[in-house]
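Next comes model.txt, with compact mmCIF, C-alpha atoms.
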```txt
# COMPACT_ATOMS: atom_id res chain seq x y z
CA MET T 98 4.67 13.52 23.81
CA SER T 99 1.90 12.64 21.35
CA ILE T 100 1.83 9.47 19.23
CA PHE T 101 0.07 8.93 15.91
CA ARG T 102 -0.35 5.25 15.05
CA LEU T 103 -0.56 4.36 11.37
CA ALA T 104 -1.39 0.74 10.48
CA HIS T 105 0.00 -0.47 7.15
CA LEU T 106 -1.18 -3.54 5.25
CA SER T 107 -1.05 -4.45 1.59
CA ASP T 108 -1.77 -6.97 -1.17
CA LEU T 109 -4.98 -8.35 0.29
CA HIS T 110 -5.98 -10.38 -2.80
CA LEU T 111 -9.54 -10.83 -1.63
CA PRO T 112 -11.22 -14.04 -2.86
CA PRO T 113 -12.83 -13.45 -6.27
CA PRO T 114 -16.64 -13.39 -5.88
CA LYS T 115 -18.99 -15.20 -8.25
CA GLY T 116 -18.99 -13.49 -11.61
CA ALA T 117 -15.47 -12.08 -11.28
CA PHE T 118 -14.43 -13.93 -14.43
CA GLY T 119 -16.61 -14.26 -17.51
CA TRP T 120 -16.35 -15.73 -20.99
CA ARG T 121 -15.34 -12.35 -22.42
CA ASP T 122 -12.25 -12.49 -20.25
CA LEU T 123 -10.92 -15.46 -22.19
CA LEU T 124 -9.52 -12.96 -24.69
CA SER T 125 -8.00 -10.61 -22.11
CA LYS T 126 -5.13 -10.50 -19.66
CA ARG T 127 -7.53 -11.78 -17.03
CA LEU T 128 -7.16 -15.30 -18.44
CA LEU T 129 -3.50 -15.42 -17.39
CA SER T 130 -4.39 -14.01 -13.99
CA ARG T 131 -7.07 -16.65 -13.55
CA ILE T 132 -4.58 -19.40 -14.38
CA ALA T 133 -2.12 -17.90 -11.91
CA TRP T 134 -4.87 -17.62 -9.27
CA ARG T 135 -5.32 -21.41 -9.33
CA ARG T 136 -1.84 -21.57 -7.83
CA LYS T 137 -1.82 -18.37 -5.80
CA GLY T 138 -5.30 -18.96 -4.41
CA GLU T 139 -3.88 -21.60 -2.10
CA GLU T 140 -1.45 -19.03 -0.77
CA HIS T 141 -3.88 -16.15 -0.23
CA ARG T 142 -6.36 -17.34 2.38
CA PRO T 143 -9.41 -15.33 3.54
CA GLU T 144 -9.15 -16.79 7.04
CA VAL T 145 -5.57 -15.50 7.29
CA LEU T 146 -6.65 -12.00 6.28
CA ALA T 147 -9.55 -12.16 8.74
CA ALA T 148 -7.18 -13.09 11.58
CA LEU T 149 -4.81 -10.27 10.63
CA VAL T 150 -7.62 -7.72 10.49
CA ALA T 151 -8.98 -8.89 13.85
CA ASP T 152 -5.54 -8.36 15.34
CA LEU T 153 -5.25 -4.93 13.71
CA LYS T 154 -8.59 -3.87 15.16
CA ALA T 155 -7.50 -5.10 18.61
CA GLN T 156 -4.43 -2.83 18.54
CA ALA T 157 -4.53 0.94 18.93
CA HIS T 158 -4.28 2.83 15.64
CA ASP T 159 -5.39 6.20 14.30
CA HIS T 160 -5.36 5.49 10.58
CA VAL T 161 -5.00 2.55 8.20
CA ALA T 162 -2.98 2.64 4.98
CA ILE T 163 -3.61 -0.09 2.39
CA THR T 164 -1.13 -0.10 -0.49
CA GLY T 165 -3.01 -1.97 -3.16
CA ASP T 166 -4.04 -5.25 -4.73
CA LEU T 167 -7.37 -5.65 -3.01
CA THR T 168 -8.58 -7.54 -6.11
CA ASN T 169 -7.12 -10.08 -8.52
CA PHE T 170 -8.73 -9.47 -11.93
CA ALA T 171 -9.97 -5.87 -11.48
CA SER T 172 -13.47 -6.87 -12.55
CA LYS T 173 -16.41 -4.66 -11.63
CA VAL T 174 -17.82 -7.26 -9.24
CA GLU T 175 -14.42 -7.52 -7.53
CA LEU T 176 -14.11 -3.76 -7.17
CA GLU T 177 -17.59 -3.67 -5.66
CA ALA T 178 -16.79 -6.57 -3.30
CA ALA T 179 -13.65 -4.73 -2.22
CA ARG T 180 -15.73 -1.63 -1.52
CA ARG T 181 -17.99 -3.66 0.77
CA TRP T 182 -14.93 -5.12 2.51
CA LEU T 183 -13.61 -1.61 3.11
CA GLU T 184 -16.94 -0.53 4.55
CA ALA T 185 -16.71 -3.39 7.05
CA LEU T 186 -13.15 -2.48 7.98
CA GLY T 187 -14.07 0.92 9.36
CA PRO T 188 -15.02 4.53 8.57
CA ALA T 189 -13.65 5.71 5.22
CA ARG T 190 -12.12 8.80 6.85
CA ASP T 191 -9.83 6.49 8.84
CA ILE T 192 -8.63 4.37 5.89
CA THR T 193 -6.58 5.36 2.85
CA VAL T 194 -6.22 3.03 -0.14
CA SER T 195 -3.55 3.29 -2.85
CA PRO T 196 -4.57 0.97 -5.75
CA GLY T 197 -2.28 -1.79 -7.00
CA ASN T 198 -1.55 -3.35 -10.38
CA HIS T 199 -4.11 -6.13 -9.87
CA ASP T 200 -6.72 -3.43 -9.26
CA ALA T 201 -5.98 -2.02 -12.74
CA LEU T 202 -5.33 -5.25 -14.60
CA ILE T 203 -7.03 -4.18 -17.82
CA ASP T 204 -8.25 -0.91 -19.29
CA HIS T 205 -11.95 -0.38 -18.49
CA GLY T 206 -12.07 2.70 -20.68
CA GLN T 207 -13.13 4.78 -17.67
CA ALA T 208 -11.65 8.13 -16.73
CA GLN T 209 -11.85 7.21 -13.03
CA PRO T 210 -11.76 3.41 -12.70
CA PHE T 211 -11.64 3.63 -8.89
CA ALA T 212 -14.66 5.90 -8.52
CA SER T 213 -16.41 3.40 -6.24
CA TRP T 214 -13.43 3.60 -3.87
CA ALA T 215 -13.40 7.40 -3.77
CA PRO T 216 -14.23 7.74 -0.03
CA TRP T 217 -11.06 5.72 0.79
CA LEU T 218 -8.77 7.56 -1.63
CA GLY T 219 -8.98 11.00 -0.07
CA ASP T 220 -11.24 13.57 1.54
CA GLY T 221 -12.41 15.26 -1.65
CA GLY T 222 -14.77 12.51 -2.82
CA GLU T 223 -12.83 12.13 -6.06
CA ALA T 224 -10.87 9.27 -7.60
CA SER T 225 -7.98 11.40 -8.85
CA PHE T 226 -4.38 11.37 -7.63
CA PRO T 227 -2.45 12.50 -5.73
CA GLN T 228 -4.60 13.32 -2.73
CA VAL T 229 -3.60 14.55 0.71
CA ARG T 230 -5.22 13.65 4.00
CA VAL T 231 -4.15 15.49 7.14
CA ARG T 232 -4.64 13.72 10.42
CA ASP T 233 -3.28 15.01 13.76
CA GLY T 234 0.01 16.40 12.48
CA VAL T 235 0.47 13.73 9.79
CA ALA T 236 -0.05 14.39 6.07
CA VAL T 237 -0.70 11.27 3.96
CA PHE T 238 0.08 11.79 0.26
CA ASN T 239 -1.81 9.11 -1.63
CA LEU T 240 -0.46 8.18 -5.07
CA CYS T 241 -1.63 5.70 -7.69
CA SER T 242 0.96 3.63 -9.58
CA ALA T 243 -1.69 1.20 -10.86
CA VAL T 244 -1.98 1.21 -14.65
CA PRO T 245 -3.09 -1.45 -17.18
CA THR T 246 -0.11 -3.26 -18.67
CA ALA T 247 0.68 -5.75 -21.41
CA LEU T 248 0.74 -9.52 -20.91
CA HIS T 249 3.32 -10.80 -18.40
CA LEU T 250 3.97 -7.30 -17.06
CA ALA T 251 3.08 -5.93 -13.63
CA THR T 252 4.83 -2.58 -13.91
CA GLY T 253 3.53 0.62 -12.41
CA GLN T 254 3.66 4.24 -13.47
CA LEU T 255 2.77 7.53 -11.83
CA GLY T 256 2.93 9.66 -14.96
CA ALA T 257 4.12 13.21 -15.51
CA ALA T 258 0.83 14.85 -14.48
CA GLN T 259 0.64 13.07 -11.14
CA LEU T 260 4.31 13.75 -10.39
CA GLU T 261 3.83 17.43 -11.23
CA ARG T 262 0.93 17.70 -8.80
CA LEU T 263 2.89 15.81 -6.12
CA ASP T 264 5.78 18.23 -6.60
CA ALA T 265 3.45 21.15 -5.91
CA LEU T 266 1.88 19.48 -2.89
CA LEU T 267 5.16 18.53 -1.25
CA GLY T 268 6.35 22.09 -1.82
CA ASP T 269 3.22 23.59 -0.26
CA PRO T 270 4.10 25.42 3.01
CA ALA T 271 0.82 24.15 4.50
CA TYR T 272 2.40 20.70 4.88
CA ARG T 273 5.97 21.75 5.65
CA ASP T 274 5.83 21.16 9.41
CA LEU T 275 3.74 17.99 9.24
CA PHE T 276 5.06 14.44 9.18
CA ARG T 277 4.73 13.59 5.49
CA VAL T 278 3.94 9.99 4.50
CA VAL T 279 3.83 8.94 0.84
CA LEU T 280 1.73 5.91 -0.17
CA LEU T 281 1.98 3.93 -3.40
CA HIS T 282 1.80 0.29 -4.45
CA HIS T 283 5.07 -0.22 -6.34
CA PRO T 284 8.36 0.14 -4.45
CA PRO T 285 10.20 3.29 -5.59
CA VAL T 286 13.70 1.87 -5.03
CA PRO T 287 15.79 -0.09 -7.55
CA GLY T 288 16.16 -3.84 -7.12
CA ALA T 289 13.14 -4.28 -4.86
CA VAL T 290 11.31 -6.27 -7.55
CA SER T 291 12.16 -7.57 -11.01
CA ARG T 292 12.13 -5.18 -13.93
CA ARG T 293 8.81 -6.51 -15.26
CA LYS T 294 7.21 -5.58 -11.92
CA SER T 295 8.98 -2.30 -11.30
CA LEU T 296 7.84 1.32 -11.16
CA ILE T 297 8.70 2.72 -14.58
CA ASP T 298 9.23 6.29 -13.44
CA GLN T 299 10.83 5.54 -10.09
CA ASP T 300 13.85 7.69 -10.99
CA ASP T 301 11.57 10.68 -11.46
CA LEU T 302 9.85 10.05 -8.12
CA ARG T 303 13.15 9.69 -6.29
CA ALA T 304 14.45 12.89 -7.85
CA LEU T 305 11.30 14.68 -6.72
CA LEU T 306 11.66 13.34 -3.16
CA ALA T 307 15.32 14.33 -3.12
CA ARG T 308 14.27 17.89 -3.94
CA ARG T 309 11.06 18.25 -1.90
CA GLY T 310 11.56 15.71 0.87
CA ALA T 311 9.20 13.43 2.82
CA ASP T 312 9.45 11.60 6.13
CA LEU T 313 8.34 8.10 5.14
CA VAL T 314 7.31 6.10 2.07
CA LEU T 315 5.09 3.02 2.39
CA HIS T 316 4.53 0.47 -0.40
CA GLY T 317 3.46 -3.10 -1.14
CA HIS T 318 3.73 -5.21 -4.32
CA ALA T 319 6.88 -7.18 -3.40
CA HIS T 320 5.07 -9.38 -0.84
CA GLU T 321 8.13 -8.94 1.38
CA ALA T 322 9.03 -7.03 4.52
CA MET T 323 11.45 -4.41 3.19
CA VAL T 324 13.43 -1.58 4.72
CA ALA T 325 15.21 0.73 2.29
CA THR T 326 15.96 4.41 1.87
CA THR T 327 15.85 7.04 -0.83
CA PRO T 328 17.74 10.35 -0.75
CA GLY T 329 16.03 13.43 0.64
CA PRO T 330 17.15 17.07 0.65
CA ASP T 331 20.49 18.14 2.10
CA GLY T 332 21.94 14.65 2.46
CA THR T 333 19.04 13.21 4.48
CA MET T 334 17.64 9.76 3.79
CA ILE T 335 13.92 8.95 3.60
CA PRO T 336 12.85 5.54 4.98
CA VAL T 337 11.00 3.32 2.48
CA LEU T 338 9.07 0.42 4.04
CA GLY T 339 7.28 -2.51 2.41
CA VAL T 340 5.04 -5.09 4.02
CA PRO T 341 4.18 -8.70 3.01
CA SER T 342 0.77 -9.71 1.70
CA ALA T 343 -1.94 -9.46 4.36
CA SER T 344 -3.53 -12.75 3.24
CA ALA T 345 -0.46 -14.94 2.68
CA ALA T 346 -0.46 -18.29 4.44
CA GLY T 347 3.30 -18.52 3.93
CA GLY T 348 4.81 -20.31 0.96
CA LEU T 349 5.63 -19.83 -2.71
CA GLY T 350 8.87 -18.23 -1.58
CA HIS T 351 7.14 -15.39 0.29
CA PRO T 352 6.68 -14.77 4.04
CA ALA T 353 3.38 -15.23 5.82
CA ALA T 354 0.88 -12.43 6.38
CA ARG T 355 1.98 -9.39 8.32
CA TRP T 356 0.95 -5.84 9.06
CA HIS T 357 3.04 -2.99 10.41
CA GLY T 358 2.14 -0.51 13.09
CA VAL T 359 4.02 2.74 12.46
CA GLU T 360 4.14 4.83 15.64
CA ILE T 361 5.04 8.46 14.98
CA ALA T 362 5.98 10.12 18.27
CA ARG T 363 6.29 13.89 18.50
CA GLN T 364 8.75 14.91 21.20
CA ALA T 365 8.50 18.04 23.33
CA ASP T 366 11.33 19.68 21.37
CA GLY T 367 9.48 19.15 18.08
CA SER T 368 11.59 16.20 16.91
CA ARG T 369 9.96 12.91 15.91
CA GLU T 370 10.76 9.27 16.58
CA VAL T 371 9.30 6.56 14.36
CA LYS T 372 8.85 3.04 15.71
CA VAL T 373 7.70 0.13 13.54
CA VAL T 374 5.95 -2.82 15.17
CA ALA T 375 5.59 -5.90 12.96
CA ARG T 376 2.67 -8.21 13.72
CA GLY T 377 1.72 -11.31 11.75
CA LEU T 378 1.50 -15.08 11.64
CA ASP T 379 3.98 -16.63 14.05
CA PRO T 380 5.74 -19.47 12.17
CA LYS T 381 5.72 -21.64 15.30
CA THR T 382 2.14 -21.17 16.52
CA GLY T 383 0.34 -20.06 13.36
CA GLN T 384 -1.30 -17.33 15.43
CA VAL T 385 -1.01 -13.58 14.91
CA ALA T 386 1.55 -12.14 17.29
CA GLU T 387 4.24 -9.50 17.51
CA LEU T 388 7.17 -10.53 15.33
CA GLY T 389 9.53 -7.69 16.18
CA ARG T 390 9.99 -3.95 16.39
CA TYR T 391 12.56 -1.36 15.46
CA VAL T 392 13.10 2.38 15.53
CA LEU T 393 13.87 4.29 12.34
CA THR T 394 16.92 6.48 12.74
CA GLN T 395 17.38 9.77 10.91
CA ALA T 396 19.20 7.92 8.12
CA GLY T 397 16.23 5.61 7.70
CA ARG T 398 18.05 2.54 8.96
CA PRO T 399 16.36 0.32 11.55
CA ALA T 400 17.83 0.10 15.02
CA PRO T 401 16.55 -3.29 16.30
CA GLN T 402 15.08 -3.34 19.79
CA ARG T 403 13.85 -6.89 20.07
CA GLY T 404 12.36 -9.72 18.06
```

Just give me the structure as structure tokens.
Amino acid sequence: MSIFRLAHLSDLHLPPPKGAFGWRDLLSKRLLSRIAWRRKGEEHRPEVLAALVADLKAQAHDHVAITGDLTNFASKVELEAARRWLEALGPARDITVSPGNHDALIDHGQAQPFASWAPWLGDGGEASFPQVRVRDGVAVFNLCSAVPTALHLATGQLGAAQLERLDALLGDPAYRDLFRVVLLHHPPVPGAVSRRKSLIDQDDLRALLARRGADLVLHGHAHEAMVATTPGPDGTMIPVLGVPSASAAGGLGHPAARWHGVEIARQADGSREVKVVARGLDPKTGQVAELGRYVLTQAGRPAPQRG
């Protein structure tokens, strides 16, 4: 039996560096985000993220999936600071980033706003989506739901072109026998977040997954630990997992920081078992520890083991 270990964390909200907000931003959506950061900044703590990352590095894993919101205002200095943070985390080939709504807060007027993150988006050196990374029997399909939105909105959208390319990729025989993981920031299931924060074309994505199939969907955005499902082909159900913010101290109605270790075990008969290990801030000790674990059944529902 071989095991592929995929670490999942999300919504880092790295501290804004000097120069992340300028006087020109007083007339943009960034002003509202800066006002909100005065409140949220107490919740998202760099020392919490550092402790979580230290724990992640101490555990065995083969790849890291980050589902968005590395920044807060999507300024150029923030995007560059996030790039340096990613470089410190590990080799780009071992980390895949799916951008979040805070990473695309306003329209920069650039064809590829995440060009500086290209090494962490896929293996082709481009900042386009979707991209596929194949690692030891696992295919990671990286999507981007991050788009600039109007004031008071945090919606996401994949768009027809990206969905069309994803359709072709999921239908490609080259990936048929691999364990297929889909990454995006916004949850693709109804009711996971409020309408103003939802994925606009989630119905289209779910219809595509129902036709083409996948083995697992990972997302962030909700700042909650979530287990849901979406229909796959022939009556199967695809597990959809969300993880809380990786920098949350715990408060503002959201749980404290957590990351998930997804262990994909290939059995001798070719079947696969997926175990999820949740690690994060223990509410009693304030230290990072194992919080629980469960096995995903074929229907995508967790079968608790302990914790």

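Ranking T:Gly347, T:Ser342, T:Lys294, T:Asp159 by their shortest atom-to-atom distance to Val235 in chain T, with only C-alpha atoms included, puts T:Asp159 first.
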
>> Using all atoms listed in the file for the distances, tell me which of T:Val231, T:Ala346, T:Leu313, T:Leu275 is nearest to Leu393 in chain T.
In response: T:Leu313

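The protein and nucleic acid residues lying at most 12 Å from Asp379 in chain T are Val145, Ala148, Leu149, Ala346, Gly347, Pro352, Ala353, Ala354, Arg355, Gln384, Val385, Ala386, Glu387, Leu388, Gly389 and Gly404 of chain T, with all atoms listed in the file considered and sequence neighbours fewer than 5 positions away removed.
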
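Our summary of the geometry notes that CA of Pro227 in chain T is positioned 6.3 Å from CA of Leu263 in chain T.
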
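In terms of minimum interatomic distance to Ala178 in chain T, T:Leu111 ranks closest within T:Leu111, T:Val314, T:Val278, T:Leu338, counting all atoms listed in the file.
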
>> Using all atoms listed in the file, which protein or nucleic acid residues come within 10 Å of Gln156 in chain T? Drop anything in the same chain fewer than 2 positions from it, and give the result as an MDAnalysis selection string.
In response: chainID T and resid 102 104 150:154 158 358

> If we count only C-alpha atoms, what is near Ser99 in chain T at a cut-off of 10 Å, once residues fewer than 5 positions away on the same chain are taken out, given as a list of chain:residue names?
Replying inline: T:Asp233, T:Gly234, T:Glu360, T:Ile361, T:Ala362, T:Arg363, T:Gln364, T:Ala365, T:Arg369
